[in-house]
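As structure tokens, the structure follows; a few thoughts come after it.
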Amino acid sequence: MGLRPNLLTRRAAGVASTTLALLLSTGAVGVVPAASAFSAAPGGSCAEPADAHSNARVAKGGSSKLDPNELTAQQVRDREADLAAALRERAAFRGGAQAAAPLATVTIQVVVHVIQRDTTRAGGNIPDSMVTQQIDVLNKAYSGATGGAPTAFSFQLQKVHHVTNAAWYPIVQGSSAERQMKSSLREGGKSTLNIYLGELSDDLLGWATFPKRKLDSMDGVVALSESLPGGTATNYNQGDTGTHEIGHWLNLYHTFQGGCSGSGDSVDDTPAESSPAFQCPTGRDTCAAAGLDPITNFMDYTYDSCMYQFTAGQASRMLTAWNAYRAA
């Protein structure tokens with residue numbers, strides 16, 4: 001599957017309500033225009049996809065049609081073929097005498113860039129305590145401490161970098177300013193997670209890139225600062241925007257990818273789901289296949305308070321992708 005941006009929008013919908021939609025961004029190019037978002041990717045080749053399509057998380061009141069990140073069946077096939085090719089390349093590389101074995105546990109070094117218009121909170125200058133709380137949320141979510149399957153991943157905050165630059169504020173997805181920002185600020189190699197925080201354009205909550213065989217400067221996660229723990233994004237301020245977007249950065253699709261048919265999200269133990277779930281529904285079952293919709297999964301669209309788990313299959317997929325794309 002090619003990669004598209006993941007955008008989460010937040011809009012007023014009625015009295016005191018907020019609409020949020022999250023899309024996962026391209027690793028190489030800007031947003032796919034709405035009119036062309038669902039065009040098929042060039043098909044069939046095992047070559048690395050030219051662009052990185054994203055996945056989004058849309059809040060109650062939003063429309064999944066706002067999400068240019070839902071992949072076509074062809075794009076999913078392309079991404080899966082690319083993953084298989086990357087695994088073959090890594091296996092051949094590891095066949096050498098000096099090659100390291102695939103990793104079973106991973107500590108991800110995290111560099112956070114806080115983009116601000118000025119030094120006020122209204123201008124984007126959030127306290128570092130919100131960042132450290134976000135790292136704590138990630139470690140609990142990815143360890144299984146919140147009730148899901150444990151994954152191989154933990155997160156270590158390496159640096160918080162405050163950048164005052166009005167030209168980059170708000171962060172405009174797919175813009176030349178975004179590319180300039182990331183080209184100027186991104187640190188580390190493929191295994192370093194760069195997170196960019198700030199006010200975002202178009203009422204978006206965030207976006208991220210899928211992994212690629214060749215690193216480019218767009219790699220990373222962008223998130224609305226106020227989606228961090230203690231932020232002001234109502235119903236989306238417990239830090240799970242970060243959890244969701246990093247899932248994409250580690251090669252997870254949405255739980256509802258592909259609807260009720262086909263390979264879905266390419267994970268066997270997430271029940272099929274025809275469409276994204278919003279808010280905190282109970283007993284939702286949109287596909288004839290066994291299992292209720294996975295509305296508590298971090299890769300659906302529900303409120304932060306309702307999502308608490310990855311599955312064992314998702315944990316395995318993330319580790320496979322790490323060893324294929326991001327491991328040294």
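Chain labels A, B, ... are given in the sequence in which chains occur in the structure tokens; within each chain residues are numbered consecutively from 1, and ligands are likewise numbered from 1 in the order shown.
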
Those of stretch 64-311 of chain A in DSSP strand (DSSP E), formatted as an NGL selection string: :A and (106-116 or 153-164 or 192-198 or 206-208 or 221-224)

Run DSSP on the backbone of this structure and report the residues of stretch 116-297 of chain A it assigns to helix (DSSP H, G or I), as a PyMOL selection string. chain A and resi 128-143+166-168+176-185+201-203+225-227+240-249

Leaving out stretch 141-158 of chain A and any residue of its chain fewer than 2 positions from it, which residues lie within 8 Å of it when counting only C-alpha atoms, given as a PyMOL selection string? chain A and resi 104-112+132+135+137-139+160+243+308-312+315-316+319

Pull C-alpha atoms from the residues just selected and write them as a CSV table (one decimal), in the first residue's frame.
chain,number,residue,atom,x,y,z
A,104,ALA,CA,12.7,-8.9,20.0
A,105,THR,CA,12.4,-5.8,22.1
A,106,VAL,CA,12.9,-2.2,21.0
A,107,THR,CA,13.4,1.0,22.9
A,108,ILE,CA,12.5,3.9,20.6
A,109,GLN,CA,14.4,7.1,21.1
A,110,VAL,CA,12.0,10.1,20.8
A,111,VAL,CA,12.8,13.6,19.8
A,112,VAL,CA,10.0,16.1,20.3
A,132,THR,CA,6.7,13.6,29.6
A,135,ILE,CA,5.7,9.4,26.8
A,137,VAL,CA,0.9,7.2,28.0
A,138,LEU,CA,2.8,5.6,25.1
A,139,ASN,CA,4.8,3.3,27.4
A,160,VAL,CA,12.3,18.4,23.8
A,243,THR,CA,-0.6,6.2,20.4
A,308,TYR,CA,-7.1,0.9,25.4
A,309,GLN,CA,-5.6,-1.9,23.4
A,310,PHE,CA,-3.5,-3.4,20.6
A,311,THR,CA,-3.9,-7.1,19.8
A,312,ALA,CA,-1.2,-9.7,19.7
A,315,ALA,CA,2.1,-6.3,18.1
A,316,SER,CA,3.6,-9.0,15.8
A,319,LEU,CA,7.7,-5.8,15.3

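One distance worth recording is that between atom CA of A:Gly198 and atom CA of A:Ala233, which is 12.6 Å.
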
Pick out the residues sitting within 7 Å of A:Tyr196, and hand them over as a list in words; count only C-alpha atoms, and ignore anything fewer than 6 positions along from it in its own chain. Val112, His113, Val114, Ile115, Val221, Val222 and Ala223 of chain A

For the contact check between stretch 208-233 of chain A and stretch 180-187 of chain A, emit one row per residue of stretch 208-233 of chain A within 12 Å, containing the shortest atom pair and the distance in Å rounded to one decimal, counting only C-alpha atoms, chain then rising number order, as a Markdown table.
| residue | atom | partner | partner_atom | distance |
| --- | --- | --- | --- | --- |
| A:Leu215 | CA | A:Arg186 | CA | 11.2 |
| A:Asp216 | CA | A:Ser183 | CA | 8.7 |
| A:Ser217 | CA | A:Ser183 | CA | 5.3 |
| A:Met218 | CA | A:Lys182 | CA | 6.0 |
| A:Asp219 | CA | A:Arg186 | CA | 8.3 |
| A:Gly220 | CA | A:Arg186 | CA | 8.5 |
| A:Val221 | CA | A:Lys182 | CA | 10.4 |
| A:Val222 | CA | A:Lys182 | CA | 10.1 |

Please identify all polymer residues within 7 Å of A:Gly313, counting only C-alpha atoms, omitting same-chain residues fewer than 4 positions from it, and present them as a ChimeraX atom specification. /A:267-269,317

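Across the structure, atom CA of A:Arg79 and atom CA of A:Ala321 are spaced 11.1 Å apart.
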
Which one of A:Val163, A:Arg77, A:Ala324, A:Leu250 sits closest to A:Lys214 if you count only C-alpha atoms?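 Comparing A:Val163, A:Arg77, A:Ala324, A:Leu250 against A:Lys214, the winner is A:Ala324.
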
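Atom pair atom CA of A:Asn165 / atom CA of A:Asp118: separated by 7.5 Å.
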
Restricting the calculation to only C-alpha atoms, which member of A:Ser225, A:Ser305, A:Gln257, A:Thr119 is positioned closest to A:Val131? A:Ser225
